[in-house]
Amino acid sequence: MSAQVNMATTEVLRVDTLCKSFGGVDAVDNVSFTVQQSELLALIGPNGAGKTTCFNMLNGQLKPDRGTVSLMGENITGWDPRRVWRRGVGRTFQITATYSSMTVAENVQMALIARHRKTFSLFSRATRLYVTEALTLLELVGMQSQAQRSAGILAYGDLKRLELAIALAHDPVLLLMDEPTAGMAPGERAELMELTAGIVAERGLSVLFTEHDMDVVFGHADRIMVLNRGQLIAQGDADTIRNDKQVQDVYLGGGSMFAAEGSDHA
Amino acid sequence: MTAGFIFAQFLTGLSSASSLFLVASGLSLIFGVTRIVNFAHGSFYMLGAYLAYHLIEWLPTGILPFWGSVICAALIVGVVGVIVEVVILRRIYHAPELFQLVATFGIVLVMQDAIFALFGGEDKFGSRAPGLNGVVRIFDEPIPQYDLALIALGPVVLISVWLLLNKTRWGTLVRAATQDRDMVAALGVNQAWLFTSVFFLGSALAGLGGAVQVPRESINLLMDLSIIAEAFVVVVIGGMGSIVGAFLAAVLIGELNAFGILIMPQITIVLAFLVMAVVLIVRPWGLLGKPDAIQHAGDQIDMPLREASLPGKLVGLLVIAALVAVPYVLDDFGIVLATDIIIFALFAASLHFLMGNSGMVSFGHAAYFALGAYASALVFRHLGGSMELALLIGPIAAVVGALVFGWFCVRLSGVYLAMLTLAAAQIIWSITYSWGDVTGGDDGMLGIWPSEWARSKPVFYYLTLVLCGGGVLILRKITHAPFGYVLRGGRDSSVRTESIGIHLLRHRHFGFAVAGLFAGIAGSIYVFSKGSIFPDEAAIPRSIDGLVMVLLGGVHTLAGPLVGAGVFRLLEDWISRLDFWRAILGTIIIVLVVVAPQGIAGFFHTLAIRFGLAKGRESL
């Protein structure tokens, strides 16, 4: 695996004064942050805060109005998503996107085929390519027993895990996960996040995720950033965020339940 | 060209735009609400013309009887539309678009024979409209009064329909259903009757469009397909479901025809389709259309491809052995039929690759078949009568055509993609039809026979088997290869495909060219098997043949196109000897879509799964 675990913290992603507005509304307003290697970083905020817009600019689906995005020191601002992906940024979606007319293994094999630039190959058999690699990835997310099932009939939680395996197929340095646990049962959520945290630790990649479930955020993130109306209003570890007056205002109109809820699960 | 002449031409354009608008607005209205691309709409137009003609002839001459006949014809057509909707279409609203289209084409065939049986096959010429049979001089140019009446009729109908849609409760429901019909149903509206009423209005408008043409044009049995191609163009340019858009587009096309005919007579249809291609590239949903936010439900999820099991492989070998044995078993007639079937199996397989595996439904796949065929014929005629060279150049020409048209087409999806492919086929058709000096026009090109060594029926059969049968196998191979999987994946989820770093558009473009190549090979061989080629090979019915073959075989089965081509050609061979064969074929198509949507091969595949002979989808 190319991403070696490095004890010295290196900066994987640097976002500098990123701006995007839609018809006069500043969806993302002057946002700057960095992602360190092996970091599980959460981006939270109320609905409409600009989280997904931010994500879309990081992986190239949207071009920022202003600001820069650098990956491993290289300026990738305005690159198209495919090029960003090739440079090592994986992404999972809020609404799962998998190939329903392929098996679970084939879904992962497709990502491997794309990685090895075999997509124009006309005469080899797709199902026989990169089988071992695909099964290894499926094992990593605990899906190897379902490798030959059709992806179209998977349970939702399994689809999320399949997406994770697909996203890991090109050995990314950074994984963007848009609401990874949305629509899952509470038990499944913890399981998926523990799995993700394990992969982060083992492979030394970095994960930036958005999330609405505060248990997931406070239970698993190394660091948390809070976005409100396009602006980054706080960042730091769980305690810092919990005790931040501005964050409490945004989420609860100044109530104290936030802290109490967090400490229950600490 | 004086200013007066230009103005007169402008008015002519407006008056033909009116009739076109009537037809197109009905089509657009029906599509907007029911999501059905209704080929039979042209038949409603033709029926309106025939009914109006006979009513006018039958009633005493006069202003009132004339307009009474026109309105009666429109109403009767509306009722026919309702019958069609209730009996057939209501059963297939949730079927994939392709099934609906093919079913409506079945209706076209039935209506052609029904009108022929009722009114006879000869062309009819209506008398001028009473009270409007003179001319008005504008800038010294004679303008028929009737044209002026038509120019007024268009906006009147536009305003009426607009008021109906925007100022009545019924109109509110129709507009709501255009946006989200499931939501409308969830709110307790009786959807069935809403759809039926829309169908009545839409069909009546088509009938009216036909009826008002009686004093202007000859009435004949070719009216249906010629108007439907233009109406599709108008609806697509205007934006599916937009009445105002249809009006603007009708005026645009009407004027384009009026002036185009001065510059390039015969090629006006090409101009219209070029305009459509440009509009769709700039505004993929037409001038006033809106992006279709709702994913179309209907197409059931496909199963993963499996490698053939041992029994499957044995069956495959048996089929190949049987095909090799054909010349030893059958007489000359049988060999010719078998040659035909293999050629069309490749044509259907290439179409299946495009729409079944890649999700790009083409309504104009005949374009590449005809390109291969015509290029071969031209090479044969002008480059020293070499069949070998012709068989090489034909497919290349088809690929070049597919690359050019494909560049536009693959950018679109769903109905718009289908319409643009249809437009591409119409361009090829009109070139072969109109460019008489080169292609022989309607008379086609004759005397294109195989080289000496391949002239005997069995040898030519084996040549076909190698080229076309081999083509089918290669297509099958590509389907299982990474490239085929990329297209399959692009059909399932374009978001996923792009996000694993695949340039989907580029793959789709190449896939379009691959499909074009194999259709071109089929076309090239076809010319030499028949010894001749006619513009019919590029026409709408040929494209529909391909769709029917794929449908007969089943969209989601790889063996489907082969079974489909075989059954279709045998069926056609058998029923084309009967009277009213169109009606019989149309009925078979309709019944098939309604009763066995998974096709013949799909049907047997389901049976095989049930008896444990094939692997199917696991249950949840």
# chains A, B, ... in the order shown; residues from 1 in each chain; ligands from 1

call {"tool": "closest_atom_pairs", "arguments": {"of": "chain B", "to": "chain A", "cutoff": "7 Å", "atoms": "only C-alpha atoms", "output": "tab-separated table"}}
result
residue	atom	partner	partner_atom	distance
B:Ile301	CA	A:Ser101	CA	6.5
B:Asp302	CA	A:Ser101	CA	5.0
B:Met303	CA	A:Ser101	CA	5.0
B:Pro304	CA	A:Met102	CA	4.4
B:Lys477	CA	A:Phe123	CA	6.1
B:Ile478	CA	A:Leu122	CA	5.1
B:His480	CA	A:Arg125	CA	5.7
B:Ala481	CA	A:Arg125	CA	4.6
B:Pro482	CA	A:Ala126	CA	4.6
B:Phe483	CA	A:Phe120	CA	4.9
B:Tyr485	CA	A:Ala126	CA	7.0
B:Val486	CA	A:Thr119	CA	6.6
B:Gly489	CA	A:Tyr99	CA	5.7
B:Asp492	CA	A:Tyr99	CA	5.3
B:Ser493	CA	A:Tyr99	CA	6.2
B:Val495	CA	A:Ala97	CA	6.7
B:Arg496	CA	A:Ala97	CA	5.4
B:Glu498	CA	A:Arg82	CA	6.6
B:Ser499	CA	A:Arg82	CA	6.6
B:Ile500	CA	A:Ala111	CA	5.7
B:Gly501	CA	A:Arg82	CA	4.1
B:Ile502	CA	A:Ala114	CA	6.3
B:Leu620	CA	A:Ile153	CA	6.5

call {"tool": "select_by_dssp", "arguments": {"residues": "segment 298-439 of chain B", "states": "alpha helix (DSSP H)", "output": "number ranges by chain"}}
result
B: 310-329, 332-352, 366-382, 387-409, 414-434, 436-439

call {"tool": "residues_around", "arguments": {"residues": "Ile30 of chain B", "least_positions_apart": "3", "cutoff": "7 Å", "atoms": "only C-alpha atoms", "output": "PyMOL selection string"}}
result
chain B and resi 26-27+33-34+36+198-199+202

call {"tool": "write_last_selection", "arguments": {"atoms": "all heavy atoms", "output": "compact mmCIF listing (two decimals), in the first residue's frame"}}
result
# COMPACT_ATOMS: atom_id res chain seq x y z
N GLY B 26 -50.73 18.33 -29.18
CA GLY B 26 -51.38 17.13 -28.65
C GLY B 26 -50.36 16.11 -28.19
O GLY B 26 -50.46 15.52 -27.10
N LEU B 27 -49.32 15.94 -29.00
CA LEU B 27 -48.27 14.98 -28.68
C LEU B 27 -47.56 15.38 -27.39
O LEU B 27 -47.31 14.56 -26.50
CB LEU B 27 -47.26 14.95 -29.83
CG LEU B 27 -46.18 13.87 -29.82
CD1 LEU B 27 -46.81 12.50 -29.95
CD2 LEU B 27 -45.19 14.09 -30.95
N VAL B 33 -47.98 14.32 -19.60
CA VAL B 33 -48.73 13.70 -18.52
C VAL B 33 -48.47 12.20 -18.43
O VAL B 33 -48.21 11.67 -17.36
CB VAL B 33 -50.24 13.97 -18.69
CG1 VAL B 33 -51.04 13.25 -17.63
CG2 VAL B 33 -50.48 15.46 -18.59
N THR B 34 -48.51 11.50 -19.57
CA THR B 34 -48.44 10.04 -19.50
C THR B 34 -47.03 9.52 -19.70
O THR B 34 -46.77 8.34 -19.47
CB THR B 34 -49.33 9.39 -20.57
OG1 THR B 34 -48.78 9.71 -21.85
CG2 THR B 34 -50.75 9.88 -20.49
N ILE B 36 -45.68 8.90 -22.36
CA ILE B 36 -45.62 7.96 -23.47
C ILE B 36 -45.25 8.71 -24.74
O ILE B 36 -45.84 9.74 -25.07
CB ILE B 36 -46.98 7.23 -23.63
CG1 ILE B 36 -47.08 6.16 -22.54
CG2 ILE B 36 -47.11 6.63 -25.01
CD1 ILE B 36 -48.18 5.17 -22.74
N VAL B 198 -56.80 13.62 -20.96
CA VAL B 198 -55.68 14.24 -21.69
C VAL B 198 -55.52 13.57 -23.05
O VAL B 198 -55.29 14.24 -24.06
CB VAL B 198 -54.37 14.10 -20.87
CG1 VAL B 198 -53.17 14.43 -21.74
CG2 VAL B 198 -54.41 15.01 -19.67
N PHE B 199 -55.69 12.26 -23.06
CA PHE B 199 -55.57 11.54 -24.33
C PHE B 199 -56.65 11.98 -25.31
O PHE B 199 -56.40 12.11 -26.50
CB PHE B 199 -55.66 10.02 -24.09
CG PHE B 199 -54.55 9.30 -24.76
CD1 PHE B 199 -53.35 9.07 -24.09
CD2 PHE B 199 -54.67 8.88 -26.07
CE1 PHE B 199 -52.30 8.44 -24.72
CE2 PHE B 199 -53.62 8.25 -26.70
CZ PHE B 199 -52.43 8.02 -26.04
N GLY B 202 -55.57 15.44 -26.57
CA GLY B 202 -54.39 15.34 -27.43
C GLY B 202 -54.73 14.73 -28.79
O GLY B 202 -54.33 15.24 -29.83

call {"tool": "closest_residue", "arguments": {"among": "B:Thr168, B:Asn190, B:Thr339, B:Thr606", "to": "Ala565 of chain B", "atoms": "only C-alpha atoms"}}
result
B:Thr339

call {"tool": "residues_around", "arguments": {"residues": "Ala3 of chain B", "least_positions_apart": "2", "cutoff": "12 Å", "atoms": "only C-alpha atoms", "output": "PyMOL selection string"}}
result
chain B and resi 1+5-10+138-141

call {"tool": "write_last_selection", "arguments": {"atoms": "all heavy atoms", "output": "compact mmCIF listing (two decimals), in the first residue's frame"}}
result
# COMPACT_ATOMS: atom_id res chain seq x y z
N MET B 1 -35.69 37.95 -55.76
CA MET B 1 -36.62 37.71 -54.66
C MET B 1 -37.10 39.04 -54.07
O MET B 1 -36.31 39.77 -53.47
CB MET B 1 -35.92 36.89 -53.58
CG MET B 1 -36.81 35.81 -53.04
SD MET B 1 -35.99 34.92 -51.70
CE MET B 1 -34.88 33.86 -52.59
N PHE B 5 -42.52 38.72 -52.11
CA PHE B 5 -42.41 37.27 -52.23
C PHE B 5 -41.95 36.65 -50.90
O PHE B 5 -42.48 35.64 -50.45
CB PHE B 5 -41.42 36.93 -53.34
CG PHE B 5 -41.19 35.45 -53.50
CD1 PHE B 5 -42.16 34.64 -54.06
CD2 PHE B 5 -40.01 34.88 -53.04
CE1 PHE B 5 -41.96 33.29 -54.19
CE2 PHE B 5 -39.81 33.51 -53.15
CZ PHE B 5 -40.78 32.72 -53.73
N ILE B 6 -40.98 37.32 -50.29
CA ILE B 6 -40.48 36.81 -49.01
C ILE B 6 -41.59 36.82 -47.96
O ILE B 6 -41.76 35.86 -47.21
CB ILE B 6 -39.27 37.66 -48.54
CG1 ILE B 6 -38.06 37.35 -49.44
CG2 ILE B 6 -38.92 37.38 -47.08
CD1 ILE B 6 -36.86 38.20 -49.18
N PHE B 7 -42.40 37.89 -47.98
CA PHE B 7 -43.48 37.97 -47.02
C PHE B 7 -44.51 36.86 -47.27
O PHE B 7 -45.02 36.22 -46.34
CB PHE B 7 -44.15 39.35 -47.08
CG PHE B 7 -45.13 39.58 -45.97
CD1 PHE B 7 -44.68 39.74 -44.67
CD2 PHE B 7 -46.50 39.60 -46.22
CE1 PHE B 7 -45.59 39.94 -43.64
CE2 PHE B 7 -47.41 39.78 -45.19
CZ PHE B 7 -46.95 39.96 -43.90
N ALA B 8 -44.78 36.63 -48.54
CA ALA B 8 -45.74 35.56 -48.89
C ALA B 8 -45.22 34.21 -48.40
O ALA B 8 -45.97 33.40 -47.85
CB ALA B 8 -45.95 35.53 -50.40
N GLN B 9 -43.93 34.02 -48.59
CA GLN B 9 -43.32 32.77 -48.15
C GLN B 9 -43.40 32.64 -46.63
O GLN B 9 -43.65 31.57 -46.09
CB GLN B 9 -41.86 32.74 -48.62
CG GLN B 9 -41.31 31.36 -48.88
CD GLN B 9 -42.07 30.61 -49.96
OE1 GLN B 9 -42.69 31.21 -50.84
NE2 GLN B 9 -42.06 29.29 -49.87
N PHE B 10 -43.22 33.78 -45.98
CA PHE B 10 -43.31 33.82 -44.52
C PHE B 10 -44.71 33.39 -44.07
O PHE B 10 -44.87 32.60 -43.13
CB PHE B 10 -42.99 35.25 -44.05
CG PHE B 10 -43.18 35.47 -42.58
CD1 PHE B 10 -42.28 34.92 -41.67
CD2 PHE B 10 -44.24 36.22 -42.10
CE1 PHE B 10 -42.44 35.13 -40.31
CE2 PHE B 10 -44.41 36.42 -40.75
CZ PHE B 10 -43.52 35.88 -39.85
N ILE B 138 -51.40 40.41 -51.10
CA ILE B 138 -50.63 41.15 -50.13
C ILE B 138 -49.28 41.44 -50.77
O ILE B 138 -48.59 40.51 -51.20
CB ILE B 138 -50.45 40.36 -48.82
CG1 ILE B 138 -51.81 40.03 -48.23
CG2 ILE B 138 -49.59 41.14 -47.83
CD1 ILE B 138 -51.78 39.19 -46.98
N PHE B 139 -48.92 42.74 -50.86
CA PHE B 139 -47.71 43.16 -51.59
C PHE B 139 -47.69 42.52 -52.97
O PHE B 139 -46.66 42.02 -53.42
CB PHE B 139 -46.44 42.75 -50.83
CG PHE B 139 -46.29 43.44 -49.50
CD1 PHE B 139 -46.00 42.71 -48.35
CD2 PHE B 139 -46.43 44.82 -49.40
CE1 PHE B 139 -45.86 43.34 -47.14
CE2 PHE B 139 -46.29 45.45 -48.18
CZ PHE B 139 -46.00 44.71 -47.04
N ASP B 140 -48.87 42.47 -53.63
CA ASP B 140 -48.98 41.93 -54.98
C ASP B 140 -48.81 40.42 -55.08
O ASP B 140 -48.77 39.88 -56.18
CB ASP B 140 -47.95 42.60 -55.93
CG ASP B 140 -48.57 43.85 -56.56
OD1 ASP B 140 -49.78 44.07 -56.30
OD2 ASP B 140 -47.85 44.57 -57.26
N GLU B 141 -48.66 39.76 -53.96
CA GLU B 141 -48.50 38.31 -54.01
C GLU B 141 -49.83 37.66 -53.62
O GLU B 141 -50.47 38.09 -52.66
CB GLU B 141 -47.42 37.84 -53.03
CG GLU B 141 -46.02 38.29 -53.36
CD GLU B 141 -45.43 37.54 -54.54
OE1 GLU B 141 -45.86 36.39 -54.79
OE2 GLU B 141 -44.54 38.12 -55.21

call {"tool": "atom_distance", "arguments": {"atom1": "atom CA of Leu62 of chain A", "atom2": "atom CA of Arg87 of chain A"}}
result
17.0 Å

call {"tool": "residues_around", "arguments": {"residues": "Phe200 of chain B", "least_positions_apart": "2", "cutoff": "9 Å", "atoms": "only C-alpha atoms", "output": "MDAnalysis selection string"}}
result
chainID B and resid 75 77:82 85 195:198 202:205

call {"tool": "write_last_selection", "arguments": {"atoms": "N, CA and C atoms", "output": "PDB file, in the first residue's frame"}}
result
ATOM      1  N   LEU B  75     -63.424  15.312 -33.119  1.00  0.00           N
ATOM      2  CA  LEU B  75     -64.052  14.664 -31.964  1.00  0.00           C
ATOM      3  C   LEU B  75     -64.004  13.147 -32.089  1.00  0.00           C
ATOM      4  N   VAL B  77     -61.826  11.390 -33.720  1.00  0.00           N
ATOM      5  CA  VAL B  77     -60.451  10.965 -33.472  1.00  0.00           C
ATOM      6  C   VAL B  77     -60.168  10.973 -31.970  1.00  0.00           C
ATOM      7  N   GLY B  78     -60.686  11.981 -31.280  1.00  0.00           N
ATOM      8  CA  GLY B  78     -60.529  12.018 -29.827  1.00  0.00           C
ATOM      9  C   GLY B  78     -61.087  10.764 -29.184  1.00  0.00           C
ATOM     10  N   VAL B  79     -62.269  10.326 -29.640  1.00  0.00           N
ATOM     11  CA  VAL B  79     -62.880   9.116 -29.086  1.00  0.00           C
ATOM     12  C   VAL B  79     -62.022   7.881 -29.406  1.00  0.00           C
ATOM     13  N   VAL B  80     -61.509   7.823 -30.644  1.00  0.00           N
ATOM     14  CA  VAL B  80     -60.623   6.706 -31.002  1.00  0.00           C
ATOM     15  C   VAL B  80     -59.405   6.701 -30.076  1.00  0.00           C
ATOM     16  N   GLY B  81     -58.874   7.898 -29.822  1.00  0.00           N
ATOM     17  CA  GLY B  81     -57.739   8.017 -28.908  1.00  0.00           C
ATOM     18  C   GLY B  81     -58.065   7.464 -27.541  1.00  0.00           C
ATOM     19  N   VAL B  82     -59.255   7.786 -27.051  1.00  0.00           N
ATOM     20  CA  VAL B  82     -59.679   7.294 -25.740  1.00  0.00           C
ATOM     21  C   VAL B  82     -59.751   5.772 -25.739  1.00  0.00           C
ATOM     22  N   GLU B  85     -56.328   4.404 -25.586  1.00  0.00           N
ATOM     23  CA  GLU B  85     -55.747   4.601 -24.266  1.00  0.00           C
ATOM     24  C   GLU B  85     -56.288   3.576 -23.279  1.00  0.00           C
ATOM     25  N   PHE B 195     -55.697  10.879 -17.178  1.00  0.00           N
ATOM     26  CA  PHE B 195     -54.916  10.461 -18.342  1.00  0.00           C
ATOM     27  C   PHE B 195     -55.813  10.305 -19.565  1.00  0.00           C
ATOM     28  N   THR B 196     -56.977   9.662 -19.333  1.00  0.00           N
ATOM     29  CA  THR B 196     -57.877   9.438 -20.458  1.00  0.00           C
ATOM     30  C   THR B 196     -58.342  10.765 -21.055  1.00  0.00           C
ATOM     31  N   SER B 197     -58.651  11.723 -20.183  1.00  0.00           N
ATOM     32  CA  SER B 197     -59.135  13.008 -20.706  1.00  0.00           C
ATOM     33  C   SER B 197     -58.030  13.727 -21.474  1.00  0.00           C
ATOM     34  N   VAL B 198     -56.799  13.620 -20.958  1.00  0.00           N
ATOM     35  CA  VAL B 198     -55.679  14.235 -21.687  1.00  0.00           C
ATOM     36  C   VAL B 198     -55.523  13.574 -23.049  1.00  0.00           C
ATOM     37  N   GLY B 202     -55.567  15.443 -26.573  1.00  0.00           N
ATOM     38  CA  GLY B 202     -54.394  15.338 -27.433  1.00  0.00           C
ATOM     39  C   GLY B 202     -54.730  14.726 -28.787  1.00  0.00           C
ATOM     40  N   SER B 203     -55.498  13.635 -28.759  1.00  0.00           N
ATOM     41  CA  SER B 203     -55.861  12.968 -30.009  1.00  0.00           C
ATOM     42  C   SER B 203     -56.753  13.859 -30.865  1.00  0.00           C
ATOM     43  N   ALA B 204     -57.687  14.546 -30.207  1.00  0.00           N
ATOM     44  CA  ALA B 204     -58.588  15.432 -30.950  1.00  0.00           C
ATOM     45  C   ALA B 204     -57.792  16.540 -31.630  1.00  0.00           C
ATOM     46  N   LEU B 205     -56.771  17.047 -30.948  1.00  0.00           N
ATOM     47  CA  LEU B 205     -55.935  18.083 -31.562  1.00  0.00           C
ATOM     48  C   LEU B 205     -55.210  17.536 -32.792  1.00  0.00           C
TER      49      LEU B 205
END

call {"tool": "atom_distance", "arguments": {"atom1": "atom CA of Val234 of chain B", "atom2": "atom CA of Leu208 of chain B"}}
result
17.1 Å
